[in-house]
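upload_35.csv, holding CSV, C-alpha atoms and all ligand atoms:
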chain,number,residue,atom,x,y,z
Z,1,MET,CA,124.5,137.7,87.6
Z,2,THR,CA,123.3,134.2,86.7
Z,3,ALA,CA,120.3,133.1,88.6
Z,4,GLN,CA,120.4,130.1,90.9
Z,5,ILE,CA,117.9,127.4,89.9
Z,6,LEU,CA,114.8,126.6,92.0
Z,7,ASP,CA,114.9,123.0,91.0
Z,8,GLY,CA,111.3,121.7,91.2
Z,9,LYS,CA,112.1,118.3,89.7
Z,10,ALA,CA,114.7,117.4,92.3
Z,11,THR,CA,112.7,118.9,95.2
Z,12,ALA,CA,109.5,117.0,94.1
Z,13,ALA,CA,111.6,113.8,94.1
Z,14,VAL,CA,112.6,114.4,97.7
Z,15,ILE,CA,109.0,115.2,98.7
Z,16,LYS,CA,107.7,112.1,96.9
Z,17,SER,CA,110.2,109.9,98.8
Z,18,GLU,CA,109.0,111.4,102.1
Z,19,LEU,CA,105.4,110.8,101.1
Z,20,ALA,CA,106.1,107.2,100.1
Z,21,ASP,CA,107.4,106.6,103.7
Z,22,ARG,CA,104.2,108.1,105.1
Z,23,VAL,CA,102.0,105.9,102.8
Z,24,THR,CA,103.9,102.8,104.0
Z,25,VAL,CA,102.9,103.7,107.6
Z,26,LEU,CA,99.3,104.3,106.6
Z,27,ARG,CA,99.2,100.9,104.7
Z,28,GLU,CA,100.6,99.2,107.8
Z,29,GLN,CA,97.6,100.7,109.7
Z,30,GLY,CA,95.2,99.2,107.1
Z,31,VAL,CA,94.6,102.5,105.2
Z,32,THR,CA,95.4,102.8,101.5
Z,33,PRO,CA,95.0,106.4,100.3
Z,34,GLY,CA,93.3,106.6,96.9
Z,35,LEU,CA,93.3,109.5,94.4
Z,36,GLY,CA,90.4,109.9,92.0
Z,37,THR,CA,90.5,112.0,88.9
Z,38,VAL,CA,87.7,113.4,86.8
Z,39,LEU,CA,88.8,114.0,83.2
Z,40,VAL,CA,86.2,115.4,80.7
Z,41,GLY,CA,87.3,115.2,77.0
Z,42,GLN,CA,90.6,114.5,75.4
Z,43,ASP,CA,92.5,117.8,75.6
Z,44,PRO,CA,96.1,116.6,75.1
Z,45,GLY,CA,97.4,118.7,78.0
Z,46,SER,CA,94.8,117.5,80.4
Z,47,VAL,CA,95.1,113.9,79.3
Z,48,SER,CA,98.9,114.1,79.9
Z,49,TYR,CA,98.5,115.9,83.3
Z,50,VAL,CA,96.0,113.2,84.5
Z,51,ARG,CA,98.2,110.4,83.3
Z,52,GLY,CA,101.1,112.0,85.2
Z,53,LYS,CA,99.0,112.2,88.4
Z,54,HIS,CA,98.3,108.5,88.3
Z,55,ARG,CA,102.0,107.7,87.6
Z,56,ASP,CA,102.9,109.7,90.6
Z,57,CYS,CA,100.4,107.9,92.7
Z,58,ALA,CA,101.8,104.5,91.7
Z,59,GLU,CA,105.3,105.8,92.6
Z,60,VAL,CA,104.4,106.6,96.2
Z,61,GLY,CA,101.8,103.8,96.8
Z,62,ILE,CA,98.6,105.7,96.5
Z,63,ALA,CA,95.8,103.8,94.7
Z,64,SER,CA,94.2,105.4,91.5
Z,65,ILE,CA,90.6,105.7,90.6
Z,66,ARG,CA,89.6,107.2,87.2
Z,67,GLU,CA,86.4,108.8,85.9
Z,68,ASP,CA,87.1,109.6,82.2
Z,69,LEU,CA,84.1,111.2,80.5
Z,70,ALA,CA,83.5,112.0,76.8
Z,71,GLU,CA,84.0,115.6,75.5
Z,72,ASP,CA,80.2,115.9,75.1
Z,73,ALA,CA,79.5,114.9,78.7
Z,74,THR,CA,76.7,117.0,80.2
Z,75,GLN,CA,76.7,118.9,83.5
Z,76,ALA,CA,74.6,116.0,84.9
Z,77,ASP,CA,77.2,113.4,83.7
Z,78,VAL,CA,80.0,115.3,85.4
Z,79,GLU,CA,78.0,115.7,88.6
Z,80,ALA,CA,77.2,112.0,88.6
Z,81,ALA,CA,80.9,111.2,88.4
Z,82,ILE,CA,81.5,113.6,91.4
Z,83,ASP,CA,78.7,111.9,93.4
Z,84,ARG,CA,80.3,108.4,92.7
Z,85,LEU,CA,83.7,109.6,94.0
Z,86,ASN,CA,82.1,111.3,97.0
Z,87,ALA,CA,80.5,108.0,97.9
Z,88,ASP,CA,83.4,105.7,97.1
Z,89,PRO,CA,85.3,104.7,100.3
Z,90,ALA,CA,88.4,103.7,98.2
Z,91,CYS,CA,88.7,107.3,97.0
Z,92,THR,CA,90.2,109.4,99.9
Z,93,GLY,CA,90.7,112.4,97.7
Z,94,TYR,CA,90.1,113.5,94.1
Z,95,ILE,CA,90.4,116.3,91.6
Z,96,VAL,CA,88.5,117.5,88.6
Z,97,GLN,CA,91.0,118.3,85.8
Z,98,LEU,CA,90.7,121.9,84.7
Z,99,PRO,CA,89.8,123.6,82.4
Z,100,LEU,CA,86.5,121.8,81.8
Z,101,PRO,CA,84.9,122.0,78.3
Z,102,LYS,CA,82.7,125.0,77.4
Z,103,GLY,CA,79.2,124.5,78.6
Z,104,ILE,CA,80.2,122.9,81.9
Z,105,ASP,CA,79.7,125.1,85.0
Z,106,THR,CA,83.1,124.8,86.7
Z,107,ASN,CA,82.0,126.5,90.0
Z,108,ALA,CA,79.0,124.2,90.4
Z,109,VAL,CA,81.3,121.2,89.8
Z,110,LEU,CA,83.9,122.4,92.3
Z,111,GLU,CA,81.2,123.1,94.9
Z,112,ARG,CA,79.8,119.6,94.6
Z,113,ILE,CA,83.1,118.0,95.7
Z,114,ASP,CA,83.0,116.7,99.3
Z,115,PRO,CA,85.4,119.3,101.0
Z,116,ASP,CA,87.0,116.4,102.9
Z,117,LYS,CA,87.9,114.7,99.6
Z,118,ASP,CA,89.0,118.0,97.8
Z,119,ALA,CA,92.6,117.1,96.9
Z,120,ASP,CA,93.1,120.3,94.9
Z,121,GLY,CA,92.0,122.7,97.8
Z,122,LEU,CA,89.7,124.5,95.4
Z,123,HIS,CA,86.4,123.8,97.1
Z,124,PRO,CA,84.9,127.1,98.5
Z,125,THR,CA,85.0,125.7,102.1
Z,126,ASN,CA,88.8,125.0,101.8
Z,127,LEU,CA,89.5,128.3,100.1
Z,128,GLY,CA,87.4,130.0,102.8
Z,129,ARG,CA,89.5,128.4,105.5
Z,130,LEU,CA,92.5,129.9,103.8
Z,131,VAL,CA,90.8,133.3,103.9
Z,132,LEU,CA,89.9,133.0,107.6
Z,133,ARG,CA,93.1,131.6,109.0
Z,134,THR,CA,95.8,134.2,108.9
Z,135,ALA,CA,98.0,132.9,111.6
Z,136,GLU,CA,96.6,129.5,112.8
Z,137,PRO,CA,98.0,126.3,111.2
Z,138,ILE,CA,95.9,125.2,108.2
Z,139,THR,CA,94.9,121.6,108.3
Z,140,SER,CA,92.7,121.7,105.2
Z,141,PRO,CA,94.1,121.0,101.7
Z,142,LEU,CA,95.8,124.0,100.0
Z,143,PRO,CA,95.7,124.7,96.3
Z,144,CYS,CA,98.5,122.7,94.8
Z,145,THR,CA,100.4,125.3,92.7
Z,146,PRO,CA,100.5,128.0,95.3
Z,147,ALA,CA,101.5,125.5,98.0
Z,148,GLY,CA,104.1,124.1,95.6
Z,149,ILE,CA,105.6,127.5,95.0
Z,150,LEU,CA,105.9,128.2,98.7
Z,151,GLU,CA,107.4,124.8,99.4
Z,152,LEU,CA,109.9,125.3,96.5
Z,153,LEU,CA,111.1,128.6,98.0
Z,154,ARG,CA,111.2,127.2,101.5
Z,155,ARG,CA,113.3,124.2,100.5
Z,156,HIS,CA,115.8,126.6,98.8
Z,157,ASP,CA,115.9,128.9,101.9
Z,158,VAL,CA,114.4,131.8,100.0
Z,159,ASP,CA,112.8,134.0,102.7
Z,160,LEU,CA,109.7,136.0,101.7
Z,161,ALA,CA,109.2,138.0,104.9
Z,162,GLY,CA,108.8,141.7,104.1
Z,163,LYS,CA,109.2,141.0,100.3
Z,164,ASP,CA,107.0,142.6,97.6
Z,165,VAL,CA,105.6,139.8,95.5
Z,166,VAL,CA,103.9,140.6,92.2
Z,167,VAL,CA,101.6,137.9,90.7
Z,168,LEU,CA,100.7,138.0,87.0
Z,169,GLY,CA,97.3,136.4,86.3
Z,170,ARG,CA,94.1,135.9,88.3
Z,171,GLY,CA,93.3,132.3,87.3
Z,172,THR,CA,91.6,129.9,89.7
Z,173,THR,CA,94.5,127.5,90.3
Z,174,VAL,CA,97.2,130.1,91.0
Z,175,GLY,CA,96.6,133.8,91.0
Z,176,ARG,CA,93.4,134.1,93.0
Z,177,SER,CA,94.7,132.1,95.9
Z,178,ILE,CA,98.4,132.5,96.2
Z,179,GLY,CA,98.1,135.9,97.9
Z,180,LEU,CA,96.2,134.3,100.7
Z,181,LEU,CA,99.0,131.9,101.3
Z,182,LEU,CA,101.9,134.4,101.0
Z,183,THR,CA,100.3,137.0,103.3
Z,184,ARG,CA,99.8,134.5,106.1
Z,185,LYS,CA,101.7,135.6,109.3
Z,186,ASP,CA,104.2,132.7,108.9
Z,187,VAL,CA,105.3,134.0,105.4
Z,188,ASN,CA,104.7,137.8,105.8
Z,189,ALA,CA,105.0,138.8,102.1
Z,190,THR,CA,103.2,141.7,100.6
Z,191,VAL,CA,101.3,140.7,97.4
Z,192,THR,CA,100.1,142.6,94.4
Z,193,LEU,CA,97.8,140.6,92.0
Z,194,THR,CA,98.0,142.0,88.5
Z,195,HIS,CA,95.8,140.9,85.6
Z,196,THR,CA,94.6,142.0,82.1
Z,197,GLY,CA,92.9,145.0,83.6
Z,198,THR,CA,96.0,146.3,85.4
Z,199,ARG,CA,97.1,149.7,84.0
Z,200,ASP,CA,100.9,149.4,84.1
Z,201,VAL,CA,102.0,145.8,84.7
Z,202,VAL,CA,105.7,146.7,83.9
Z,203,ALA,CA,105.8,149.3,86.7
Z,204,HIS,CA,104.7,146.7,89.1
Z,205,LEU,CA,107.3,144.2,87.8
Z,206,ARG,CA,110.1,146.8,88.2
Z,207,ALA,CA,109.3,147.2,91.9
Z,208,ALA,CA,108.9,143.5,92.7
Z,209,ASP,CA,111.3,141.5,94.8
Z,210,VAL,CA,109.5,138.3,93.7
Z,211,VAL,CA,107.5,137.7,90.5
Z,212,VAL,CA,105.1,134.8,90.1
Z,213,ALA,CA,104.3,134.7,86.4
Z,214,ALA,CA,101.1,132.9,85.8
Z,215,ALA,CA,99.7,134.9,82.9
Z,216,GLY,CA,99.9,132.3,80.1
Z,217,VAL,CA,101.6,134.8,77.8
Z,218,PRO,CA,104.8,133.2,76.4
Z,219,GLY,CA,108.0,135.1,77.2
Z,220,PHE,CA,106.0,138.0,78.8
Z,221,VAL,CA,108.5,138.7,81.6
Z,222,ARG,CA,111.8,140.0,80.2
Z,223,ALA,CA,115.1,141.0,81.9
Z,224,GLU,CA,114.5,144.7,81.4
Z,225,HIS,CA,111.3,144.5,83.4
Z,226,LEU,CA,113.0,143.3,86.5
Z,227,LYS,CA,114.9,144.7,89.5
Z,228,PRO,CA,118.3,143.0,89.6
Z,229,GLY,CA,118.3,140.2,92.0
Z,230,ALA,CA,114.5,139.5,91.8
Z,231,VAL,CA,113.3,136.0,92.5
Z,232,VAL,CA,111.2,134.7,89.5
Z,233,LEU,CA,108.8,131.8,89.3
Z,234,ASP,CA,107.7,130.8,85.9
Z,235,VAL,CA,104.3,129.2,86.2
Z,236,GLY,CA,102.5,130.0,82.9
Z,237,VAL,CA,102.3,127.3,80.2
Z,238,SER,CA,101.5,128.0,76.5
Z,239,ARG,CA,101.7,125.7,73.5
Z,240,VAL,CA,103.6,127.5,70.7
Z,241,VAL,CA,104.6,126.3,67.3
Z,242,ASP,CA,108.3,126.4,66.6
Z,243,PRO,CA,108.6,128.3,63.3
Z,244,GLU,CA,111.8,126.3,62.4
Z,245,THR,CA,110.5,122.8,63.1
Z,246,GLY,CA,106.7,123.4,62.7
Z,247,LYS,CA,106.3,121.4,66.0
Z,248,ALA,CA,104.3,122.6,69.0
Z,249,ARG,CA,106.3,123.0,72.2
Z,250,LEU,CA,105.5,124.3,75.7
Z,251,ARG,CA,106.7,127.8,76.6
Z,252,GLY,CA,106.6,129.6,79.9
Z,253,ASP,CA,105.8,133.2,80.7
Z,254,VAL,CA,109.5,134.1,81.4
Z,255,ASP,CA,112.0,135.0,78.7
Z,256,ALA,CA,115.4,133.2,78.8
Z,257,GLY,CA,117.3,136.5,79.3
Z,258,VAL,CA,115.8,136.8,82.8
Z,259,ALA,CA,118.4,134.3,84.0
Z,260,ASP,CA,121.0,137.1,83.7
Z,261,VAL,CA,119.3,139.5,86.2
Z,262,ALA,CA,117.3,137.2,88.6
Z,263,SER,CA,118.9,135.8,91.8
Z,264,TRP,CA,116.6,132.7,91.7
Z,265,LEU,CA,114.6,131.4,88.8
Z,266,SER,CA,112.3,128.4,88.5
Z,267,PRO,CA,112.8,126.7,85.2
Z,268,ASN,CA,109.8,125.8,83.0
Z,269,PRO,CA,109.6,122.8,82.6
Z,270,GLY,CA,111.2,121.4,85.7
Z,271,GLY,CA,110.2,124.1,88.3
Z,272,VAL,CA,106.7,124.7,89.6
Z,273,GLY,CA,105.0,121.9,87.5
Z,274,PRO,CA,106.6,119.0,89.3
Z,275,MET,CA,105.9,120.8,92.7
Z,276,THR,CA,102.2,121.1,91.8
Z,277,ARG,CA,102.1,117.3,91.3
Z,278,ALA,CA,104.0,116.7,94.6
Z,279,MET,CA,101.6,118.9,96.5
Z,280,LEU,CA,98.6,117.0,95.2
Z,281,LEU,CA,100.1,113.8,96.6
Z,282,ALA,CA,100.8,115.6,99.9
Z,283,ASN,CA,97.1,116.7,100.1
Z,284,VAL,CA,96.0,113.1,99.6
Z,285,VAL,CA,98.4,111.7,102.2
Z,286,ASP,CA,97.6,114.6,104.7
Z,287,SER,CA,93.8,113.9,104.4
Z,288,ALA,CA,94.2,110.1,104.7
Z,289,GLU,CA,96.3,110.7,107.9
Z,290,ARG,CA,93.7,113.1,109.3
Z,291,ALA,CA,90.9,110.6,108.6
Z,292,GLN,CA,92.9,107.8,110.2
Z,293,ALA,CA,93.6,110.0,113.3
Z,294,ASP,CA,89.9,110.9,113.6
Z,295,ALA,CA,88.9,107.2,113.2
Z,296,SER,CA,91.2,106.0,116.0
Z,297,ARG,CA,90.0,108.7,118.5
Z,301,LIG,N1,92.3,120.4,88.8
Z,301,LIG,C1,93.4,121.0,88.4
Z,301,LIG,N2,93.6,121.4,87.1
Z,301,LIG,C2,94.7,122.0,86.8
Z,301,LIG,C3,95.8,122.3,87.7
Z,301,LIG,C4,95.6,121.9,89.0
Z,301,LIG,O1,96.4,122.1,89.9
Z,301,LIG,N3,94.4,121.2,89.3
Z,301,LIG,N4,97.0,122.8,87.2
Z,301,LIG,C5,97.2,122.9,85.8
Z,301,LIG,C6,97.7,121.6,85.2
Z,301,LIG,N5,98.5,120.7,86.0
Z,301,LIG,C7,97.9,119.9,86.9
Z,301,LIG,O2,96.8,119.6,86.8
Z,301,LIG,C8,99.9,120.6,85.8
Z,301,LIG,C9,100.6,121.4,84.9
Z,301,LIG,C10,102.0,121.1,84.6
Z,301,LIG,C11,102.6,120.1,85.3
Z,301,LIG,C12,104.0,119.8,85.0
Z,301,LIG,O3,104.6,119.0,85.7
Z,301,LIG,N6,104.6,120.3,83.9
Z,301,LIG,C13,105.9,119.9,83.5
Z,301,LIG,C14,106.1,119.9,82.0
Z,301,LIG,C15,105.1,119.0,81.4
Z,301,LIG,C16,105.4,118.6,80.0
Z,301,LIG,O4,106.6,118.7,79.6
Z,301,LIG,O5,104.4,118.2,79.3
Z,301,LIG,C17,107.0,120.9,84.2
Z,301,LIG,O6,106.6,122.0,84.5
Z,301,LIG,O7,108.1,120.5,84.3
Z,301,LIG,C18,101.9,119.4,86.2
Z,301,LIG,C19,100.6,119.6,86.4
Z,301,LIG,C20,95.9,123.3,85.1
Z,301,LIG,N7,94.9,122.4,85.5

Please render this file's structure as structure tokens.
Ligand SMILES: Nc1nc2c(c(=O)[nH]1)N[C@@H](CN(C=O)c1ccc(C(=O)N[C@@H](CCC(=O)O)C(=O)O)cc1)CN2
Amino acid sequence: MTAQILDGKATAAVIKSELADRVTVLREQGVTPGLGTVLVGQDPGSVSYVRGKHRDCAEVGIASIREDLAEDATQADVEAAIDRLNADPACTGYIVQLPLPKGIDTNAVLERIDPDKDADGLHPTNLGRLVLRTAEPITSPLPCTPAGILELLRRHDVDLAGKDVVVLGRGTTVGRSIGLLLTRKDVNATVTLTHTGTRDVVAHLRAADVVVAAAGVPGFVRAEHLKPGAVVLDVGVSRVVDPETGKARLRGDVDAGVADVASWLSPNPGGVGPMTRAMLLANVVDSAERAQADASR
């Protein structure tokens, strides 16, 4: 078996073009959505992700606002940047790039974001809405990577109803929230969240219909761990040094051999990453449309 590709790059391009049309309508109504970013320090990965977010904004007509802070920024500096974005009418939604440097209290920062401007869907109010609404439509922002995974599967007609999904990793941006989305009544998957304290991860993998690999361990998921025909989403990203060239390169959680046993596989790069970016834009456009609808009531 050779897995079919869950093409995040192509799917994100389609979504971006749909969003560009919606932004045109908003602009005709006098509303320009604006994405703000808070970047603390110069971690090369974070710098590049934030740059990508602003490039995406330009592509679809969303305005950009940047708060770039030094590596030695204090908690008060970060919170002041948040307060500026909360108060700025040009900023309709914003994100704080994670991870934050050591010494910054991430939860306190996330909780200070105005929930109506939370473009990452990581404010406790928005995560709480996801907890409470099992069947009702969700009109608040969803965490971008979980929403991107769901959208990627939907747009490739991969049905999750009744499927056993195993998630590797309990991080803030993926593992802790994806189960809330996949167990909603309109998806109806069964989700097991595994982590570094799980006794036998491989036993869980062997039973899974769908694997969401977000552990950040390069090549962790191998063909022999999987049920033939499993659907595999490679989310984890690690920087590894290539012993031949001595150069650092990005590597996902999924070994290349998995393509021989999986029915569907998201490549990394080119799978979930571009969908994460597209869902961020979707959150910004959704919230600008909601604000516009409220204003014209
Ligand atoms: N505030 C947030 N911080 C972080 C998030 C997040 O959703 N919100 N997720 C990740 C980083 N991230 C976005 O911020 C992100 C990671 C990867 C990609 C992506 O498109 N990757 C490409 C490959 C990139 C490359 O080659 O350098 C791909 O997968 O094709 C986009 C966004 C942690 N922090």

Exercise. Enumerate residues in contact with ligand LIG 301 (chain Z): an atom-to-atom distance of at most 7 Å, counting only C-alpha atoms and all ligand atoms. Format the result as a VMD selection string.
Key: chain Z and resid 46 48 to 50 95 to 99 120 143 to 145 173 250 268 to 274 276 to 277

Quiz prompt | Residue among Z:Gly162, Z:Gly93, Z:Gly216, Z:Gly169 lying closest to Val38 (chain Z), counting all atoms listed in the file | solution = Z:Gly93

Quiz item: So how many Å separate CA of Ala248 (chain Z) and CA of Val47 (chain Z), to one decimal?
Solution: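 One can read the CA of Ala248 (chain Z) to CA of Val47 (chain Z) distance as 16.3 Å.
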
Quiz item: Near Val191 (chain Z), counting all atoms listed in the file, which residues have an atom at most 12 Å away, once you skip same-chain residues fewer than 3 positions from it, shown as JSON, numbers by chain?
Solution: {"Z": [160, 161, 162, 163, 164, 165, 166, 167, 168, 175, 176, 177, 178, 179, 180, 181, 182, 183, 184, 187, 188, 194, 204, 205, 207, 208, 209, 210, 211, 212]}

Self-check item: Expected residue set, 10 Å radius at (83.7, 122.3, 82.7), only C-alpha atoms, as a PyMOL selection string
Solution: chain Z and resi 39-41+71+73-75+78+96-110

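Distances from Z:Ala262, Z:Ala214, Z:Arg249, Z:Asp286 to Val235 (chain Z) were compared using only C-alpha atoms, and the smallest one belongs to Z:Ala214.
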
Which residues of region 49-122 of chain Z come within 9 Å of region 133-141 of chain Z, and for each one, what is the closest pair of atoms and their distance in Å to one decimal, counting all atoms listed in the file, sorted by chain and residue number, as a Markdown table?
| residue | atom | partner | partner_atom | distance |
| --- | --- | --- | --- | --- |
| Z:Pro115 | CA | Z:Ser140 | CA | 8.8 |
| Z:Asp116 | CA | Z:Ser140 | CA | 8.1 |
| Z:Asp118 | CA | Z:Pro141 | CA | 7.1 |
| Z:Ala119 | CA | Z:Pro141 | CA | 6.4 |
| Z:Asp120 | CA | Z:Pro141 | CA | 6.9 |
| Z:Gly121 | CA | Z:Pro141 | CA | 4.7 |
| Z:Leu122 | CA | Z:Pro141 | CA | 8.4 |

Exercise. Report the distance between CA of Asp68 (chain Z) and CA of Asp56 (chain Z) in Å, rounded to one decimal place.
Key: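 Taking CA of Asp68 (chain Z) and CA of Asp56 (chain Z), their separation equals 17.9 Å.
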
Quiz item: With all atoms listed in the file as the atoms that count, which of Z:Thr11, Z:Thr92, Z:Thr192, Z:Gln29 lies nearest to Ala293 (chain Z)?
Solution: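 Counting all atoms listed in the file, the residue closest to Ala293 (chain Z) is Z:Gln29.
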
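One finds CA of Asp253 (chain Z) at 6.7 Å from CA of Ala215 (chain Z).
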
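In terms of minimum interatomic distance to Gly34 (chain Z), Z:Leu281 ranks closest within Z:Leu193, Z:Val158, Z:Val237, Z:Leu281, counting all atoms listed in the file.
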
Exercise. Using only C-alpha atoms, find the one residue out of Z:Gly257, Z:Lys16, Z:Leu142, Z:Ala80 that sits nearest to Arg129 (chain Z).
Key: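 Of Z:Gly257, Z:Lys16, Z:Leu142, Z:Ala80, the one nearest Arg129 (chain Z), counting only C-alpha atoms, is Z:Leu142.
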
Spatial neighbours of His156 (chain Z), max dist 10 Å, only C-alpha atoms, sep filter under 2 positions, as a PDB file with C-alpha atoms, in the frame of the given file:
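Generated output (part-v9.pdb):
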ATOM      1  CA  GLN Z   4     120.400 130.100  90.900  1.00  0.00           C
ATOM      2  CA  ILE Z   5     117.900 127.400  89.900  1.00  0.00           C
ATOM      3  CA  LEU Z   6     114.800 126.600  92.000  1.00  0.00           C
ATOM      4  CA  ASP Z   7     114.900 123.000  91.000  1.00  0.00           C
ATOM      5  CA  THR Z  11     112.700 118.900  95.200  1.00  0.00           C
ATOM      6  CA  GLU Z 151     107.400 124.800  99.400  1.00  0.00           C
ATOM      7  CA  LEU Z 152     109.900 125.300  96.500  1.00  0.00           C
ATOM      8  CA  LEU Z 153     111.100 128.600  98.000  1.00  0.00           C
ATOM      9  CA  ARG Z 154     111.200 127.200 101.500  1.00  0.00           C
ATOM     10  CA  VAL Z 158     114.400 131.800 100.000  1.00  0.00           C
ATOM     11  CA  ASP Z 159     112.800 134.000 102.700  1.00  0.00           C
ATOM     12  CA  TRP Z 264     116.600 132.700  91.700  1.00  0.00           C
TER      13      TRP Z 264
END

Exercise. Go through Z:Ser263, Z:Ser64, Z:Ser296, Z:Ser17 one by one, measure the shortest atom-to-atom distance of each to Thr32 (chain Z) using all atoms listed in the file, and give the residue with the smallest value.
Key: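 Among the listed residues, Z:Ser64 lies closest to Thr32 (chain Z).
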